[in-house]
Amino acid sequence: MATLKQLLRDIESSPEGPQIAAIFDFDGTIIAGYSATVFLREQIRRGDLSPRQLVELTTAMTSFGLGNLGFSAMMAVTAQFMRGVEESAYEEIGERLYLSHIARSVYPESRALIEAHQAKGHTVAVISSATPYQVEPAARDLGIPNVLCTQLEVKKGRFTGQVISPTCFGQGKVDAAEQLASQYKADLDASFFYSDSTDDQLLLERVGYPRALNPSARLAGVARDREWPVARFGSRGRPTLSQWVRSVAATVSLVPSFAAGLPIYALTGSRRDSLNFSFSLFADTASALIGLHLHVKGEENLWSHRPAVFIFNHQSKADVVIMTSLLRRDIAGVGKKEIKKLPVIGKVLEMGGVVMIDRANARSAIEAMEPLVQAMREEGKSVVLAPEGTRSINPKLLPFKKGAFHLAMQAGVPIVPVVIRNAGDVAPKGDFVFRPATVDVEVLAPVDTSDWSTDNLNEHVREVRNLFLAALGQPLEAAPKGRGKTPTRAKSKATAKTGKRKSPVRKASAGKKAASKSRKATSKATSTTKAATPTRKRPASKASRPVRPKGSGTATSNKRG
C-alpha cells in the first residue's frame with residue numbers, strides 16, 4: 001500500500017514540463033462518493049422528475065451497475081429527460097451543488113497530488129464519464145484547466161435530449177487522453193493516471209504511471225497483479241462510528257471544561273483564572289478526542305506582544321480548537337449571532353467572553369464589539385477572530401472584513417496573523433465529524449497599528465491580507481488601479497527617539513520581494529504531505545515592539561467518472 005508521501009515523491013522525481021500529463025478520474029478519485037447522487041437528490045427535491053421518470057432512471061442505473069446495460073445506453077436514457085431544459089439553468093445548479101455539497105467531498109490528499117503536478121508544470125486534466133456540470137465547478141476550484149468528459153447535445157441554449165458520441169467511458173477515455181496528449185505534445189508513456197475503478201482499466205494500462213486511488217475490490221486485485229501503486233484515503237467519505245462518537249464528545253467537552261473551572265472561581269474569586277483553566281482544559285480535551293496535532297512555526301509570536309488582535313484564516317469549525325490550543329489564556333472571541341441559539345453551548349461561550357455579532361449588519365457588529373476594546377485596554381485580554389467572516393470551502397483566502405482592524409486601532413494593540421494551512425482536513429465546511437489530522441500553523445510577526453487611520457485602512461487591510469496570501473503561496477492582491485506606491489509612513493514615537501528599530505521590518509506590500517516569496521511558497525507547498533506543508537523561512541522575531549508593514553434535469557453520470 002503506497003502512502004501519500006510516496007506518491008508525492010514519485011511526482012517530485014518526475015521531469016518538469018507539459019510533456020508529462022497528470023490525468024485524474026473524478027468520482028471516487030478526486031471526490032469521495034459520486035456527484036451523480038448529489039444531482040439526483042437535488043432533482044427529486046425540486047420535483048424535476050415524475051415518479052415514472054424516477055423509476056426509469058433508477059432502472060437504467062441499476063442495469064448499468066449490474067453490467068446489463070452499456071454506459072452510452074444508460075446515458076441515452078437519462079439524457080432524454082433533459083430535452084428542452086436550458087443549459088444555463090443546469091450550469092447554475094452545478095455551481096450551487098458544488099459549493100453546498102461536493103466541495104467538502106474533495107480529498108485533501110488528491111488536492112495535494114494535483115498541486116504537486118501543477119508545481120512541476122505538468123499538463124493536469126480531469127477525464128471523466130460524468131457531465132461537465134458535475135465536473136467543471138470542481139476543476140475550476142482546483143485550478144485544473146483541462147476537462148474532458150461526456151457531452152450532452154445543446155442547440156440554441158437548450159438540451160436536445162441527445163448524448164454526443166463517443167461518450168467518455170472505457171476506450172472513450174483513452175481517446176480523450178490521446179487528444180490531450182496531441183494538443184500539449186505530452187508523452188502518455190511518461191504520464192500519470194489516477195482512478196478508483198476497473199471501468200478505467202484501459203487508460204490505466206495506456207499510461208506509464210498508473211495509480212489506483214481508493215480502488216474498488218476489483219481494481220485493487222488488478223493493481224496487485226500488475227504491481228501498480230495503491231493508496232487509500234480516509235479523510236473523506238463515510239465516517240466511522242468511532243469518529244462520530246469522538247466528534248460529539250469533542251463538541252460537548254466545552255461544557256464540562258467550563259464547569260471544571262467553577263471551583264476555582266468559587267475558591268479564589270478570580271473569574272479570569274477560572275476561564276483560563278477552562279480554556280486550556282477544553283483545548284487539550286477536544287484535541288485528544290479529535291486526534292488533532294499542531295505543527296507550529298513562529299510560536300514565539302503568540303506571546304511576544306499581548307494584548308493583541310489575533311486573526312486567522314477560517315477553513316473549519318476545528319479552528320476554534322486550534323486557536324484555543326495556541327492562545328490558551330486571557331482571550332476573548334467573536335462569533336456569529338446564530339451561536340447563541342445553541343442549547344447550553346451558546347450560553348457557555350457567551351459567558352466565556354465570546355461576543356455574538358450580526359454579520360449582515362456591519363454597523364451593529366462594530367457596536368457589539370466595543371466591550372472587547374475595553375477588555376483589551378483594561379483587562380489585558382487578547383481578541384481572536386476571523387476577518388473572512390465565514391468559513392471558506394477550500395484553502396483559498398476570502399476577502400477580509402474590517403472589524404478586526406478597527407478593533408486593533410481603537411485598542412491601540414498590534415495585529416498578529418495566524419496562518420492555518422489545512423484545517424479543512426479535520427472538518428471541511430458543512431461536515432459535523434472531526435477526523436484525525438496534523439494541521440500546519442504559521443504565526444507571523446505582530447503588525448504595528450499605532451499610526452493607522454480610517455483614511456488608509458483599506459491599504460492596511462490589503463497589506464495584512466497579502467501576508468496571509470504569501471504564506472499560503474497564493475497570488476497577492478494588487479493595489480487598486482490609479483494608486484501609486486504606498487507612501488512612507490511616519491515613524492512611531494519610539495522609533496523617532498532612538499532613530500532605529502530593534503526588530504526587522506516586515507513588508508506587507510505587494511512588491512517584487514513578496515511576490516517572489518509567494519511563488520517560492522507555491523512551488524514548495526505541493527511537494528510534501530498535508531501534515532508537513534513547507535513554510536517560508538522567516539527569522540524569529542526578537543522585537544520588543546510589533547513590526548510595521550510598509551507600505552433542472554437528470555443528465556448525470558452515475559459513475560464512476
# chains A, B, ... in the order shown; residues from 1 in each chain; ligands from 1
>>> closest_atom_pairs(of="segment 235-260 of chain A", to="segment 285-298 of chain A", cutoff="10 Å", atoms="only C-alpha atoms", output="Markdown table")
| residue | atom | partner | partner_atom | distance |
| --- | --- | --- | --- | --- |
| A:Gln243 | CA | A:Ile290 | CA | 8.0 |
| A:Val245 | CA | A:Leu289 | CA | 9.3 |
| A:Arg246 | CA | A:Leu289 | CA | 5.6 |
| A:Ser247 | CA | A:Ile290 | CA | 6.4 |
| A:Val248 | CA | A:Leu289 | CA | 9.4 |
| A:Ala249 | CA | A:Leu289 | CA | 7.1 |
| A:Ala250 | CA | A:Ala286 | CA | 4.6 |
| A:Thr251 | CA | A:Ala286 | CA | 7.3 |
| A:Val252 | CA | A:Ala286 | CA | 8.9 |
| A:Ser253 | CA | A:Ala286 | CA | 6.6 |
| A:Leu254 | CA | A:Ala286 | CA | 8.0 |
| A:Ser257 | CA | A:Thr285 | CA | 8.3 |
>>> closest_atom_pairs(of="segment 10-43 of chain A", to="segment 215-224 of chain A", cutoff="12 Å", atoms="only C-alpha atoms", output="JSON lines")
{"residue": "A:Asp25", "atom": "CA", "partner": "A:Pro215", "partner_atom": "CA", "distance": 11.6}
{"residue": "A:Asp27", "atom": "CA", "partner": "A:Pro215", "partner_atom": "CA", "distance": 11.3}
{"residue": "A:Gly28", "atom": "CA", "partner": "A:Pro215", "partner_atom": "CA", "distance": 8.2}
{"residue": "A:Thr29", "atom": "CA", "partner": "A:Pro215", "partner_atom": "CA", "distance": 8.5}
{"residue": "A:Ala32", "atom": "CA", "partner": "A:Pro215", "partner_atom": "CA", "distance": 11.4}
{"residue": "A:Gly33", "atom": "CA", "partner": "A:Ser216", "partner_atom": "CA", "distance": 11.9}
>>> write_last_selection(atoms="C-alpha atoms", output="PDB file, in the first residue's frame")
ATOM      1  CA  ASP A  25     -10.680  10.438 -12.766  1.00  0.00           C
ATOM      2  CA  ASP A  27     -15.876  10.399  -8.788  1.00  0.00           C
ATOM      3  CA  GLY A  28     -14.155   8.299  -6.156  1.00  0.00           C
ATOM      4  CA  THR A  29     -10.752   9.700  -7.068  1.00  0.00           C
ATOM      5  CA  ALA A  32     -15.384  10.766  -2.160  1.00  0.00           C
ATOM      6  CA  GLY A  33     -18.576   9.194  -3.471  1.00  0.00           C
TER       7      GLY A  33
END
>>> residues_around(residues="segment 145-160 of chain A", least_positions_apart="6", cutoff="9 Å", atoms="only C-alpha atoms", output="compact mmCIF listing (two decimals) with C-alpha atoms, in the first residue's frame")
# COMPACT_ATOMS: atom_id res chain seq x y z
CA ALA A 79 -30.41 12.46 -21.28
CA GLN A 80 -33.92 12.22 -22.75
CA MET A 82 -33.21 16.90 -20.33
CA ARG A 83 -34.96 17.75 -23.59
CA GLY A 84 -35.91 21.44 -23.67
CA VAL A 85 -34.09 22.40 -20.47
CA GLU A 86 -31.87 25.49 -20.66
CA GLU A 87 -28.22 24.64 -20.30
CA SER A 88 -27.58 27.80 -18.27
CA THR A 123 -0.43 19.09 -18.07
CA VAL A 124 -3.14 18.44 -15.49
CA ALA A 125 -6.56 17.22 -16.62
CA VAL A 126 -9.75 15.54 -15.46
CA ILE A 127 -11.04 12.84 -17.79
CA SER A 128 -14.41 11.67 -16.54
CA SER A 129 -17.51 9.90 -17.78
CA ALA A 130 -19.58 12.43 -15.83
CA THR A 131 -21.03 15.54 -17.45
CA PRO A 132 -19.35 18.98 -17.41
CA VAL A 135 -17.02 18.19 -13.02
CA GLU A 136 -16.23 21.73 -14.15
CA ALA A 139 -11.95 21.66 -11.79
CA PRO A 166 -18.49 8.88 -28.31
CA THR A 167 -19.05 9.08 -24.58
CA CYS A 168 -16.07 9.44 -22.30
CA PHE A 169 -16.04 5.89 -20.96
CA LYS A 173 -11.27 7.88 -22.04
CA ALA A 176 -9.66 11.67 -24.77
CA ALA A 177 -6.21 11.17 -23.27
CA LEU A 180 -4.98 15.78 -24.71
CA ALA A 555 -28.38 14.02 -17.22
CA SER A 557 -23.35 10.13 -14.94
CA GLY A 561 -16.37 9.01 -13.61
>>> closest_residue(among="A:Asp10, A:Asp425, A:Glu388, A:Asp448", to="Val413 of chain A", atoms="only C-alpha atoms")
A:Asp448
>>> residues_around(residues="segment 89-96 of chain A", least_positions_apart="2", cutoff="6 Å", atoms="only C-alpha atoms", output="PyMOL selection string")
chain A and resi 86-87+98-99+133-134+137+552
>>> write_last_selection(atoms="N, CA and C atoms", output="compact mmCIF listing (two decimals), in the first residue's frame")
# COMPACT_ATOMS: atom_id res chain seq x y z
N GLU A 86 -32.93 24.54 -20.35
CA GLU A 86 -31.87 25.49 -20.66
C GLU A 86 -30.56 25.04 -20.02
N GLU A 87 -29.52 25.06 -20.82
CA GLU A 87 -28.22 24.64 -20.30
C GLU A 87 -27.75 25.56 -19.17
N TYR A 98 -21.96 22.25 -6.09
CA TYR A 98 -20.55 22.11 -5.73
C TYR A 98 -20.26 22.84 -4.42
N LEU A 99 -20.73 24.08 -4.33
CA LEU A 99 -20.47 24.87 -3.13
C LEU A 99 -21.13 24.28 -1.90
N TYR A 133 -21.27 19.56 -16.06
CA TYR A 133 -21.97 20.25 -14.98
C TYR A 133 -21.64 19.65 -13.62
N GLN A 134 -21.19 18.42 -13.62
CA GLN A 134 -20.73 17.77 -12.39
C GLN A 134 -19.27 18.06 -12.11
N PRO A 137 -17.18 22.75 -12.09
CA PRO A 137 -17.01 23.61 -10.90
C PRO A 137 -15.86 23.17 -10.02
N SER A 552 -32.77 22.29 -14.43
CA SER A 552 -33.44 21.21 -13.73
C SER A 552 -33.36 19.95 -14.42
>>> closest_residue(among="A:Arg306, A:Pro210, A:Leu54, A:Leu372", to="Ser191 of chain A", atoms="only C-alpha atoms")
A:Pro210
>>> atom_distance(atom1="atom CA of Asn466 of chain A", atom2="atom CA of Asp440 of chain A")
18.7 Å
>>> atom_distance(atom1="atom CA of Ala36 of chain A", atom2="atom CA of Ala21 of chain A")
26.4 Å
>>> atom_distance(atom1="atom CA of His460 of chain A", atom2="atom CA of Ala318 of chain A")
28.0 Å
>>> select_by_dssp(residues="segment 153-331 of chain A", states="alpha helix (DSSP H)", output="NGL selection string")
:A and (171-184 or 201-206 or 217-226 or 241-252 or 254-260 or 262-268 or 271-290 or 319-327)
>>> closest_residue(among="A:Met409, A:Lys396, A:Ala181, A:Ser235", to="Leu457 of chain A", atoms="only C-alpha atoms")
A:Met409
>>> closest_residue(among="A:Ile44, A:Leu8, A:Val255, A:Val207", to="Ala190 of chain A", atoms="only C-alpha atoms")
A:Val207
>>> closest_residue(among="A:Ile23, A:Ile30, A:Val320, A:Ala266", to="Phe193 of chain A", atoms="only C-alpha atoms")
A:Ile23
>>> residues_around(residues="Glu109 of chain A", least_positions_apart="5", cutoff="12 Å", atoms="only C-alpha atoms", output="ChimeraX atom specification")
/A:3-8,29-32,114-116,213-214,231-236,422,424-425,437,526-531
>>> residues_around(residues="Ile311 of chain A", least_positions_apart="6", cutoff="7 Å", atoms="only C-alpha atoms", output="ChimeraX atom specification")
/A:384-387,416-418
>>> closest_residue(among="A:Asn394, A:Thr59, A:Asn301, A:Ser14", to="Ala445 of chain A", atoms="only C-alpha atoms")
A:Asn301
>>> decode(residues="segment 127-170 of chain A", atoms="N, CA and C atoms", output="PDB file, in the first residue's frame")
ATOM      1  N   ILE A 127     -10.342  13.573 -16.731  1.00  0.00           N
ATOM      2  CA  ILE A 127     -11.038  12.835 -17.791  1.00  0.00           C
ATOM      3  C   ILE A 127     -12.064  11.965 -17.102  1.00  0.00           C
ATOM      4  N   SER A 128     -13.335  12.290 -17.305  1.00  0.00           N
ATOM      5  CA  SER A 128     -14.409  11.665 -16.542  1.00  0.00           C
ATOM      6  C   SER A 128     -15.584  11.321 -17.430  1.00  0.00           C
ATOM      7  N   SER A 129     -16.298  10.260 -17.054  1.00  0.00           N
ATOM      8  CA  SER A 129     -17.514   9.898 -17.778  1.00  0.00           C
ATOM      9  C   SER A 129     -18.692  10.746 -17.342  1.00  0.00           C
ATOM     10  N   ALA A 130     -18.520  11.534 -16.293  1.00  0.00           N
ATOM     11  CA  ALA A 130     -19.578  12.426 -15.831  1.00  0.00           C
ATOM     12  C   ALA A 130     -19.750  13.584 -16.805  1.00  0.00           C
ATOM     13  N   THR A 131     -20.759  14.401 -16.577  1.00  0.00           N
ATOM     14  CA  THR A 131     -21.030  15.543 -17.447  1.00  0.00           C
ATOM     15  C   THR A 131     -20.250  16.773 -16.969  1.00  0.00           C
ATOM     16  N   PRO A 132     -20.081  17.780 -17.829  1.00  0.00           N
ATOM     17  CA  PRO A 132     -19.346  18.980 -17.413  1.00  0.00           C
ATOM     18  C   PRO A 132     -19.969  19.661 -16.206  1.00  0.00           C
ATOM     19  N   TYR A 133     -21.273  19.557 -16.057  1.00  0.00           N
ATOM     20  CA  TYR A 133     -21.970  20.255 -14.981  1.00  0.00           C
ATOM     21  C   TYR A 133     -21.640  19.651 -13.621  1.00  0.00           C
ATOM     22  N   GLN A 134     -21.186  18.415 -13.621  1.00  0.00           N
ATOM     23  CA  GLN A 134     -20.731  17.773 -12.393  1.00  0.00           C
ATOM     24  C   GLN A 134     -19.268  18.063 -12.112  1.00  0.00           C
ATOM     25  N   VAL A 135     -18.468  18.157 -13.173  1.00  0.00           N
ATOM     26  CA  VAL A 135     -17.016  18.187 -13.017  1.00  0.00           C
ATOM     27  C   VAL A 135     -16.423  19.593 -13.035  1.00  0.00           C
ATOM     28  N   GLU A 136     -16.910  20.460 -13.925  1.00  0.00           N
ATOM     29  CA  GLU A 136     -16.229  21.734 -14.153  1.00  0.00           C
ATOM     30  C   GLU A 136     -16.155  22.654 -12.934  1.00  0.00           C
ATOM     31  N   PRO A 137     -17.182  22.752 -12.091  1.00  0.00           N
ATOM     32  CA  PRO A 137     -17.015  23.608 -10.900  1.00  0.00           C
ATOM     33  C   PRO A 137     -15.855  23.169 -10.018  1.00  0.00           C
ATOM     34  N   ALA A 138     -15.684  21.866  -9.850  1.00  0.00           N
ATOM     35  CA  ALA A 138     -14.570  21.364  -9.044  1.00  0.00           C
ATOM     36  C   ALA A 138     -13.246  21.630  -9.736  1.00  0.00           C
ATOM     37  N   ALA A 139     -13.195  21.431 -11.051  1.00  0.00           N
ATOM     38  CA  ALA A 139     -11.950  21.662 -11.789  1.00  0.00           C
ATOM     39  C   ALA A 139     -11.517  23.115 -11.681  1.00  0.00           C
ATOM     40  N   ARG A 140     -12.457  24.042 -11.786  1.00  0.00           N
ATOM     41  CA  ARG A 140     -12.119  25.460 -11.639  1.00  0.00           C
ATOM     42  C   ARG A 140     -11.573  25.747 -10.252  1.00  0.00           C
ATOM     43  N   ASP A 141     -12.218  25.180  -9.254  1.00  0.00           N
ATOM     44  CA  ASP A 141     -11.781  25.406  -7.881  1.00  0.00           C
ATOM     45  C   ASP A 141     -10.378  24.860  -7.648  1.00  0.00           C
ATOM     46  N   LEU A 142     -10.053  23.747  -8.281  1.00  0.00           N
ATOM     47  CA  LEU A 142      -8.749  23.117  -8.110  1.00  0.00           C
ATOM     48  C   LEU A 142      -7.699  23.651  -9.089  1.00  0.00           C
ATOM     49  N   GLY A 143      -8.097  24.564  -9.941  1.00  0.00           N
ATOM     50  CA  GLY A 143      -7.157  25.139 -10.894  1.00  0.00           C
ATOM     51  C   GLY A 143      -6.775  24.204 -12.025  1.00  0.00           C
ATOM     52  N   ILE A 144      -7.682  23.272 -12.376  1.00  0.00           N
ATOM     53  CA  ILE A 144      -7.413  22.329 -13.469  1.00  0.00           C
ATOM     54  C   ILE A 144      -8.039  22.867 -14.750  1.00  0.00           C
ATOM     55  N   PRO A 145      -7.241  23.217 -15.757  1.00  0.00           N
ATOM     56  CA  PRO A 145      -7.788  23.870 -16.949  1.00  0.00           C
ATOM     57  C   PRO A 145      -8.406  22.921 -17.962  1.00  0.00           C
ATOM     58  N   ASN A 146      -8.060  21.637 -17.886  1.00  0.00           N
ATOM     59  CA  ASN A 146      -8.488  20.694 -18.921  1.00  0.00           C
ATOM     60  C   ASN A 146      -9.514  19.711 -18.370  1.00  0.00           C
ATOM     61  N   VAL A 147     -10.721  19.747 -18.936  1.00  0.00           N
ATOM     62  CA  VAL A 147     -11.782  18.832 -18.539  1.00  0.00           C
ATOM     63  C   VAL A 147     -12.312  18.149 -19.791  1.00  0.00           C
ATOM     64  N   LEU A 148     -12.185  16.836 -19.839  1.00  0.00           N
ATOM     65  CA  LEU A 148     -12.717  16.058 -20.959  1.00  0.00           C
ATOM     66  C   LEU A 148     -13.705  15.064 -20.380  1.00  0.00           C
ATOM     67  N   CYS A 149     -14.966  15.164 -20.807  1.00  0.00           N
ATOM     68  CA  CYS A 149     -15.996  14.324 -20.210  1.00  0.00           C
ATOM     69  C   CYS A 149     -17.141  14.100 -21.191  1.00  0.00           C
ATOM     70  N   THR A 150     -18.183  13.411 -20.728  1.00  0.00           N
ATOM     71  CA  THR A 150     -19.328  13.100 -21.576  1.00  0.00           C
ATOM     72  C   THR A 150     -20.138  14.363 -21.838  1.00  0.00           C
ATOM     73  N   GLN A 151     -20.404  14.642 -23.106  1.00  0.00           N
ATOM     74  CA  GLN A 151     -21.072  15.878 -23.501  1.00  0.00           C
ATOM     75  C   GLN A 151     -22.519  15.612 -23.920  1.00  0.00           C
ATOM     76  N   LEU A 152     -23.411  16.538 -23.556  1.00  0.00           N
ATOM     77  CA  LEU A 152     -24.804  16.489 -23.974  1.00  0.00           C
ATOM     78  C   LEU A 152     -25.021  17.485 -25.101  1.00  0.00           C
ATOM     79  N   GLU A 153     -25.856  17.107 -26.057  1.00  0.00           N
ATOM     80  CA  GLU A 153     -26.097  17.984 -27.202  1.00  0.00           C
ATOM     81  C   GLU A 153     -26.944  19.184 -26.787  1.00  0.00           C
ATOM     82  N   VAL A 154     -26.490  20.380 -27.206  1.00  0.00           N
ATOM     83  CA  VAL A 154     -27.191  21.627 -26.900  1.00  0.00           C
ATOM     84  C   VAL A 154     -27.398  22.402 -28.197  1.00  0.00           C
ATOM     85  N   LYS A 155     -28.628  22.842 -28.436  1.00  0.00           N
ATOM     86  CA  LYS A 155     -28.936  23.687 -29.588  1.00  0.00           C
ATOM     87  C   LYS A 155     -29.760  24.874 -29.114  1.00  0.00           C
ATOM     88  N   LYS A 156     -29.320  26.048 -29.521  1.00  0.00           N
ATOM     89  CA  LYS A 156     -29.982  27.294 -29.142  1.00  0.00           C
ATOM     90  C   LYS A 156     -30.124  27.416 -27.627  1.00  0.00           C
ATOM     91  N   GLY A 157     -29.103  26.955 -26.917  1.00  0.00           N
ATOM     92  CA  GLY A 157     -29.069  27.103 -25.469  1.00  0.00           C
ATOM     93  C   GLY A 157     -29.873  26.086 -24.708  1.00  0.00           C
ATOM     94  N   ARG A 158     -30.463  25.107 -25.388  1.00  0.00           N
ATOM     95  CA  ARG A 158     -31.282  24.098 -24.696  1.00  0.00           C
ATOM     96  C   ARG A 158     -30.813  22.692 -25.062  1.00  0.00           C
ATOM     97  N   PHE A 159     -30.965  21.778 -24.110  1.00  0.00           N
ATOM     98  CA  PHE A 159     -30.610  20.384 -24.356  1.00  0.00           C
ATOM     99  C   PHE A 159     -31.599  19.757 -25.333  1.00  0.00           C
ATOM    100  N   THR A 160     -31.069  18.962 -26.250  1.00  0.00           N
ATOM    101  CA  THR A 160     -31.922  18.288 -27.239  1.00  0.00           C
ATOM    102  C   THR A 160     -32.392  16.929 -26.740  1.00  0.00           C
ATOM    103  N   GLY A 161     -31.811  16.432 -25.661  1.00  0.00           N
ATOM    104  CA  GLY A 161     -32.125  15.100 -25.167  1.00  0.00           C
ATOM    105  C   GLY A 161     -31.224  14.031 -25.750  1.00  0.00           C
ATOM    106  N   GLN A 162     -30.201  14.455 -26.501  1.00  0.00           N
ATOM    107  CA  GLN A 162     -29.265  13.516 -27.108  1.00  0.00           C
ATOM    108  C   GLN A 162     -27.889  13.613 -26.445  1.00  0.00           C
ATOM    109  N   VAL A 163     -27.152  12.517 -26.486  1.00  0.00           N
ATOM    110  CA  VAL A 163     -25.781  12.472 -25.984  1.00  0.00           C
ATOM    111  C   VAL A 163     -24.830  12.512 -27.172  1.00  0.00           C
ATOM    112  N   ILE A 164     -23.780  13.309 -27.069  1.00  0.00           N
ATOM    113  CA  ILE A 164     -22.787  13.383 -28.139  1.00  0.00           C
ATOM    114  C   ILE A 164     -21.874  12.168 -28.063  1.00  0.00           C
ATOM    115  N   SER A 165     -21.724  11.480 -29.173  1.00  0.00           N
ATOM    116  CA  SER A 165     -20.867  10.295 -29.232  1.00  0.00           C
ATOM    117  C   SER A 165     -19.484  10.672 -29.747  1.00  0.00           C
ATOM    118  N   PRO A 166     -18.443   9.961 -29.302  1.00  0.00           N
ATOM    119  CA  PRO A 166     -18.491   8.882 -28.313  1.00  0.00           C
ATOM    120  C   PRO A 166     -18.529   9.436 -26.892  1.00  0.00           C
ATOM    121  N   THR A 167     -19.068   8.680 -25.988  1.00  0.00           N
ATOM    122  CA  THR A 167     -19.047   9.076 -24.582  1.00  0.00           C
ATOM    123  C   THR A 167     -17.654   8.842 -24.005  1.00  0.00           C
ATOM    124  N   CYS A 168     -17.401   9.512 -22.902  1.00  0.00           N
ATOM    125  CA  CYS A 168     -16.070   9.440 -22.297  1.00  0.00           C
ATOM    126  C   CYS A 168     -16.033   8.287 -21.291  1.00  0.00           C
ATOM    127  N   PHE A 169     -15.993   7.077 -21.813  1.00  0.00           N
ATOM    128  CA  PHE A 169     -16.035   5.889 -20.964  1.00  0.00           C
ATOM    129  C   PHE A 169     -15.251   4.780 -21.634  1.00  0.00           C
ATOM    130  N   GLY A 170     -14.478   4.029 -20.863  1.00  0.00           N
ATOM    131  CA  GLY A 170     -13.705   2.934 -21.425  1.00  0.00           C
ATOM    132  C   GLY A 170     -12.712   3.418 -22.468  1.00  0.00           C
TER     133      GLY A 170
END
